[in-house]
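Structure first, commentary second.
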Amino acid sequence: MAKLRGRGHASVNYPTGMNLGGDPSQALIHATTTGTFVVSLSSVDLGQGIKTIAAQCAAETLGLPIGNVLVDTADTDTGPHCMGTFASRGSHRVGNAVIMAAAEARGVMLEVAAEELEVDAADLETDGTGFIMVKGAQDRRIHVTDLALAAHFKHGRTISGRGVYLKEPSAPVPETGEMDPDSCQAHACTVAVVEVDDETGVVEVLELFNTYEVGRALNPAMATQQVEGGAWMGVSHALFETTEPYYPVRDHGPRDFAGYLMPGPADLPIQHSLLLERPAANGPYGAKGIGEMTANAPIPAIANAIFDACGVRLTSMPFTPERVLRGLDALRMEEPC
Amino acid sequence: MPSQIVSLVVNGERREFIAAPGATLLACLRESLGLIAAKRGCAQGACGTCTVLVDGRPEAACLVAVETVADGSVRTLEGVTSGGELDEVQSAFIDCFATQCGFCTSGMIMVAEALLDRNPDPSEDDVIEAISGNVCRCTGYRPIVIAIMEAARRRREQAVPR
């Protein structure tokens, strides 16, 4: 009886978004009287961080500090349309729409600044701290707060912009089947190191090596956490979670958190994560979607590592001690005495 | 049994409210006192997001009948912040990026507070044991463990007079 160590890997290509009849999202942006730019969206942030990404895209495009951006995702009835946050599409679709809206708003902002500073708008630039100034003449400048006040009360202008990103429907070419179902694809590879106890059948994931090609990591901390949190879900799917452990028989299915097995903090593998950046031509600042794919590669990587460790090839999740032991028994039956 | 007036010291302040028989501490905190940091997750003591400190001990507030802790002392996440300043655990959670969707965060912080109150110099295993009753579905736990270790370090540094 021994603890057998094994290593396995798996790779995944994952599409960003979908195109069932066209896949649009819209964004509206306007400046308040004091120069806060409100980004109105119907896109829902359920923890994945779309509000942060939308604020970053708006601030970068406007040339203003992120503190000057307020993202409002309040109401899908009254906000600009969004298909939803699914299909790993949010950063790509919404990010692009926000960039388009912010670019229009920036144009108006520079027009009003041109009037205030009595120069041509093409000669203006933003310094990223809140000032709009004449290129090469840094003392000729106006702060966005004063600019927004002037726009509202002197010039009668709205500093605003509209944005939309539409992935158009793509039907397959009948002769070849060729089509363009997504906008870009992210790629990843995971290597898993496991230990299999051949007496108890328990599989422990010791280490995960995650490599993700994400286009551009708009927020590297959030992207890394998505990778590692997703990998945790992958480990959970691989070793623990199921609603129907004896499918198709429905016996012994968990009904609540108390019976639904998930790995806890003591079951953590050590994770090493690397982000690679090859910007996508149609991504917001090059970004691709990595929402869902992060739970995928760890599962087959763990299955392959189990095979490497003890020769048992498991094809049904989760890889429970019972399944590992049955696999080991089957191998022993095959062995000549 | 009729409803009755229950008195608790909540975050250092005596509070009185009317509670129906069997009302949970969690329901009273959220609905009678407006303290909504403690979340209602599973409502069966399995997820930990409702954790508050009762007389210094971490408890799943969804399982505590409020009359059983009457006249006791309760500390919630709202009582961790003092004078608008985040404490070491809260600021370490931000700095170590130990939160994603945030639903587990208040419970995680409260078990960390209880741990550091009784053990200022915990090992990583101590931290893992302390949070093992709290479910996080986003982070993979690692950033949370790191944040609590960092909070312990910061708190020890502050305690040492220079």
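Each chain in the structure tokens gets a letter, A, B and so on, in the order shown; residues start at 1 in every chain, and ligands are counted from 1 in the order they appear.
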
### Query
Counting only C-alpha atoms, which residues of chain B come no farther than 7 Å from chain A, as a ChimeraX atom specification?
/B:42,46,100-101,128,132,138-141

Output file for the residues above (N, CA, C and O atoms, as a PDB file, in the first residue's frame):
ATOM      1  N   CYS B  42     -26.902  29.766   4.040  1.00  0.00           N
ATOM      2  CA  CYS B  42     -27.604  28.485   4.008  1.00  0.00           C
ATOM      3  C   CYS B  42     -28.715  28.407   5.049  1.00  0.00           C
ATOM      4  O   CYS B  42     -29.600  27.586   4.934  1.00  0.00           O
ATOM      5  N   ALA B  46     -24.037  25.891   7.906  1.00  0.00           N
ATOM      6  CA  ALA B  46     -23.030  25.173   7.128  1.00  0.00           C
ATOM      7  C   ALA B  46     -22.119  26.078   6.304  1.00  0.00           C
ATOM      8  O   ALA B  46     -21.119  25.607   5.779  1.00  0.00           O
ATOM      9  N   GLN B 100     -13.799  38.397  -3.549  1.00  0.00           N
ATOM     10  CA  GLN B 100     -14.180  38.572  -4.951  1.00  0.00           C
ATOM     11  C   GLN B 100     -15.637  39.004  -4.999  1.00  0.00           C
ATOM     12  O   GLN B 100     -15.912  40.187  -5.116  1.00  0.00           O
ATOM     13  N   CYS B 101     -16.594  38.100  -4.832  1.00  0.00           N
ATOM     14  CA  CYS B 101     -17.989  38.563  -4.847  1.00  0.00           C
ATOM     15  C   CYS B 101     -18.365  39.191  -3.522  1.00  0.00           C
ATOM     16  O   CYS B 101     -19.273  40.006  -3.444  1.00  0.00           O
ATOM     17  N   ILE B 128      -6.217  28.086   8.676  1.00  0.00           N
ATOM     18  CA  ILE B 128      -7.045  27.186   7.865  1.00  0.00           C
ATOM     19  C   ILE B 128      -8.119  26.535   8.730  1.00  0.00           C
ATOM     20  O   ILE B 128      -9.289  26.443   8.352  1.00  0.00           O
ATOM     21  N   SER B 132     -12.331  27.002   8.450  1.00  0.00           N
ATOM     22  CA  SER B 132     -12.800  25.789   7.784  1.00  0.00           C
ATOM     23  C   SER B 132     -14.318  25.633   7.839  1.00  0.00           C
ATOM     24  O   SER B 132     -14.881  24.834   7.099  1.00  0.00           O
ATOM     25  N   CYS B 138     -15.389  31.706  -4.524  1.00  0.00           N
ATOM     26  CA  CYS B 138     -14.695  32.467  -5.579  1.00  0.00           C
ATOM     27  C   CYS B 138     -13.180  32.329  -5.536  1.00  0.00           C
ATOM     28  O   CYS B 138     -12.544  32.135  -6.558  1.00  0.00           O
ATOM     29  N   THR B 139     -12.582  32.498  -4.365  1.00  0.00           N
ATOM     30  CA  THR B 139     -11.154  32.806  -4.317  1.00  0.00           C
ATOM     31  C   THR B 139     -10.261  31.579  -4.303  1.00  0.00           C
ATOM     32  O   THR B 139      -9.062  31.709  -4.539  1.00  0.00           O
ATOM     33  N   GLY B 140     -10.802  30.411  -3.967  1.00  0.00           N
ATOM     34  CA  GLY B 140      -9.928  29.274  -3.716  1.00  0.00           C
ATOM     35  C   GLY B 140      -9.231  29.359  -2.374  1.00  0.00           C
ATOM     36  O   GLY B 140      -8.292  28.614  -2.121  1.00  0.00           O
ATOM     37  N   TYR B 141      -9.676  30.259  -1.512  1.00  0.00           N
ATOM     38  CA  TYR B 141      -9.250  30.399  -0.102  1.00  0.00           C
ATOM     39  C   TYR B 141      -7.846  30.965   0.103  1.00  0.00           C
ATOM     40  O   TYR B 141      -7.564  31.563   1.139  1.00  0.00           O
TER      41      TYR B 141
END

### Polymer residues at most 7 Å from segment 70-86 of chain B, only C-alpha atoms, same-chain spacing of 2 or more positions, as an NGL selection string
:B and (6-11 or 37 or 52-55 or 66-68 or 88 or 90-91 or 106 or 110)

Quick one: write out the picked residues with C-alpha atoms as a tab-separated table (two decimals), in the first residue's frame?
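Ended up saving to again_11.tsv:
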chain	number	residue	atom	x	y	z
B	6	VAL	CA	-34.67	41.29	24.35
B	7	SER	CA	-31.68	43.28	25.49
B	8	LEU	CA	-28.22	42.79	23.98
B	9	VAL	CA	-24.96	44.70	24.02
B	10	VAL	CA	-24.26	45.03	20.32
B	11	ASN	CA	-20.91	46.45	19.27
B	37	ALA	CA	-23.16	42.80	7.41
B	52	VAL	CA	-20.78	37.05	14.58
B	53	LEU	CA	-18.99	36.99	17.91
B	54	VAL	CA	-21.13	36.16	20.94
B	55	ASP	CA	-19.20	36.94	24.12
B	66	VAL	CA	-31.82	35.18	20.37
B	67	GLU	CA	-33.35	34.59	23.82
B	68	THR	CA	-30.54	32.13	24.60
B	88	GLU	CA	-5.93	45.36	10.41
B	90	GLN	CA	-10.23	44.53	6.99
B	91	SER	CA	-7.34	46.44	5.44
B	106	SER	CA	-18.02	39.46	6.66
B	110	MET	CA	-15.33	37.73	12.05

### Query
as a ChimeraX atom specification, which residues of segment 66-158 of chain B does DSSP assign to helix (DSSP H, G or I)?
/B:66-69,77-79,88-95,105-118,124-130,142-158

With N, CA and C atoms retained, write the just-selected residues as a compact mmCIF listing (two decimals), in the first residue's frame.
# COMPACT_ATOMS: atom_id res chain seq x y z
N VAL B 66 -32.34 33.97 19.75
CA VAL B 66 -31.82 35.18 20.37
C VAL B 66 -32.04 35.19 21.88
N GLU B 67 -33.13 34.54 22.37
CA GLU B 67 -33.35 34.59 23.82
C GLU B 67 -32.29 33.82 24.59
N THR B 68 -31.59 32.89 23.90
CA THR B 68 -30.54 32.13 24.60
C THR B 68 -29.28 32.97 24.84
N VAL B 69 -29.17 34.10 24.17
CA VAL B 69 -28.01 34.96 24.41
C VAL B 69 -28.42 36.32 24.96
N LEU B 77 -19.59 42.73 12.15
CA LEU B 77 -18.59 43.40 11.32
C LEU B 77 -18.69 44.92 11.46
N GLU B 78 -19.92 45.42 11.67
CA GLU B 78 -20.07 46.87 11.83
C GLU B 78 -19.28 47.38 13.02
N GLY B 79 -19.08 46.51 14.03
CA GLY B 79 -18.34 46.92 15.22
C GLY B 79 -16.84 46.76 15.10
N GLU B 88 -7.01 46.05 11.14
CA GLU B 88 -5.93 45.36 10.41
C GLU B 88 -6.48 44.24 9.53
N VAL B 89 -7.49 43.53 10.03
CA VAL B 89 -8.03 42.42 9.24
C VAL B 89 -8.70 42.96 7.98
N GLN B 90 -9.53 43.98 8.15
CA GLN B 90 -10.23 44.53 6.99
C GLN B 90 -9.26 45.07 5.95
N SER B 91 -8.26 45.84 6.42
CA SER B 91 -7.34 46.44 5.44
C SER B 91 -6.46 45.36 4.80
N ALA B 92 -6.12 44.30 5.55
CA ALA B 92 -5.34 43.21 4.94
C ALA B 92 -6.18 42.47 3.89
N PHE B 93 -7.49 42.33 4.13
CA PHE B 93 -8.35 41.70 3.12
C PHE B 93 -8.33 42.50 1.82
N ILE B 94 -8.33 43.84 1.96
CA ILE B 94 -8.27 44.67 0.75
C ILE B 94 -6.91 44.54 0.09
N ASP B 95 -5.84 44.70 0.88
CA ASP B 95 -4.49 44.73 0.31
C ASP B 95 -4.10 43.38 -0.30
N THR B 105 -17.33 37.45 2.90
CA THR B 105 -16.27 38.27 3.51
C THR B 105 -16.56 38.63 4.96
N SER B 106 -17.78 39.03 5.28
CA SER B 106 -18.02 39.46 6.66
C SER B 106 -17.86 38.30 7.64
N GLY B 107 -18.28 37.11 7.24
CA GLY B 107 -18.09 35.94 8.11
C GLY B 107 -16.62 35.57 8.25
N MET B 108 -15.88 35.65 7.13
CA MET B 108 -14.44 35.37 7.17
C MET B 108 -13.74 36.33 8.12
N ILE B 109 -14.07 37.61 8.03
CA ILE B 109 -13.41 38.60 8.88
C ILE B 109 -13.74 38.34 10.35
N MET B 110 -14.98 37.95 10.63
CA MET B 110 -15.33 37.73 12.05
C MET B 110 -14.62 36.51 12.63
N VAL B 111 -14.47 35.43 11.86
CA VAL B 111 -13.72 34.29 12.42
C VAL B 111 -12.24 34.65 12.57
N ALA B 112 -11.75 35.50 11.66
CA ALA B 112 -10.36 35.95 11.79
C ALA B 112 -10.19 36.80 13.05
N GLU B 113 -11.15 37.67 13.34
CA GLU B 113 -11.08 38.49 14.54
C GLU B 113 -11.04 37.60 15.79
N ALA B 114 -11.90 36.58 15.80
CA ALA B 114 -11.94 35.69 16.96
C ALA B 114 -10.62 34.94 17.10
N LEU B 115 -10.07 34.49 15.99
CA LEU B 115 -8.79 33.78 16.02
C LEU B 115 -7.69 34.68 16.57
N LEU B 116 -7.58 35.89 16.03
CA LEU B 116 -6.47 36.77 16.43
C LEU B 116 -6.65 37.28 17.86
N ASP B 117 -7.90 37.34 18.31
CA ASP B 117 -8.12 37.73 19.71
C ASP B 117 -7.51 36.70 20.66
N ARG B 118 -7.64 35.41 20.32
CA ARG B 118 -7.14 34.40 21.25
C ARG B 118 -5.74 33.91 20.88
N GLU B 124 -0.19 28.93 9.75
CA GLU B 124 -1.10 28.83 8.62
C GLU B 124 -2.17 27.76 8.88
N ASP B 125 -1.77 26.67 9.52
CA ASP B 125 -2.75 25.62 9.84
C ASP B 125 -3.82 26.14 10.80
N ASP B 126 -3.40 26.99 11.75
CA ASP B 126 -4.39 27.58 12.67
C ASP B 126 -5.43 28.40 11.88
N VAL B 127 -4.93 29.17 10.91
CA VAL B 127 -5.84 30.00 10.11
C VAL B 127 -6.78 29.12 9.30
N ILE B 128 -6.22 28.09 8.68
CA ILE B 128 -7.05 27.19 7.87
C ILE B 128 -8.12 26.53 8.73
N GLU B 129 -7.74 26.12 9.94
CA GLU B 129 -8.74 25.51 10.83
C GLU B 129 -9.81 26.53 11.21
N ALA B 130 -9.38 27.77 11.47
CA ALA B 130 -10.34 28.79 11.90
C ALA B 130 -11.39 29.07 10.84
N ARG B 142 -6.96 30.72 -0.85
CA ARG B 142 -5.56 31.08 -0.62
C ARG B 142 -5.40 32.57 -0.26
N PRO B 143 -5.99 33.49 -1.01
CA PRO B 143 -5.82 34.92 -0.66
C PRO B 143 -6.36 35.24 0.74
N ILE B 144 -7.38 34.49 1.17
CA ILE B 144 -7.96 34.75 2.49
C ILE B 144 -6.97 34.33 3.58
N VAL B 145 -6.37 33.14 3.39
CA VAL B 145 -5.37 32.68 4.37
C VAL B 145 -4.21 33.68 4.44
N ILE B 146 -3.74 34.11 3.28
CA ILE B 146 -2.62 35.07 3.25
C ILE B 146 -3.01 36.37 3.96
N ALA B 147 -4.24 36.85 3.73
CA ALA B 147 -4.69 38.11 4.33
C ALA B 147 -4.74 38.01 5.85
N ILE B 148 -5.21 36.87 6.36
CA ILE B 148 -5.31 36.74 7.82
C ILE B 148 -3.92 36.65 8.44
N MET B 149 -3.00 35.95 7.78
CA MET B 149 -1.61 35.92 8.27
C MET B 149 -1.02 37.33 8.28
N GLU B 150 -1.31 38.10 7.22
CA GLU B 150 -0.80 39.46 7.12
C GLU B 150 -1.41 40.36 8.21
N ALA B 151 -2.71 40.17 8.46
CA ALA B 151 -3.37 40.96 9.51
C ALA B 151 -2.75 40.67 10.87
N ALA B 152 -2.44 39.38 11.12
CA ALA B 152 -1.82 39.01 12.39
C ALA B 152 -0.46 39.69 12.54
N ARG B 153 0.30 39.69 11.43
CA ARG B 153 1.62 40.32 11.46
C ARG B 153 1.50 41.82 11.76
N ARG B 154 0.56 42.49 11.07
CA ARG B 154 0.38 43.93 11.28
C ARG B 154 -0.04 44.23 12.72
N ARG B 155 -0.93 43.37 13.24
CA ARG B 155 -1.42 43.62 14.60
C ARG B 155 -0.31 43.41 15.63
N ARG B 156 0.54 42.40 15.41
CA ARG B 156 1.66 42.18 16.32
C ARG B 156 2.64 43.34 16.28
N GLU B 157 2.88 43.85 15.05
CA GLU B 157 3.81 44.98 14.93
C GLU B 157 3.30 46.20 15.68
N GLN B 158 1.98 46.41 15.62
CA GLN B 158 1.41 47.57 16.31
C GLN B 158 1.47 47.41 17.82

### Message
Can you pull out the residues contacting segment 15-32 of chain A? Cut-off 7 Å, using only C-alpha atoms, and skip same-chain residues under 2 positions away; I want them as a ChimeraX atom specification.
### Response
/A:13,34-41,80-83,87-89,93-94,97-98,101-102,148,159-170,181-186,288-289

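Remark: for Asn68 of chain A, the closest of the candidate residues A:Ser11, A:Thr158, A:Thr129, A:Thr242 is A:Thr129 (distances computed over only C-alpha atoms).
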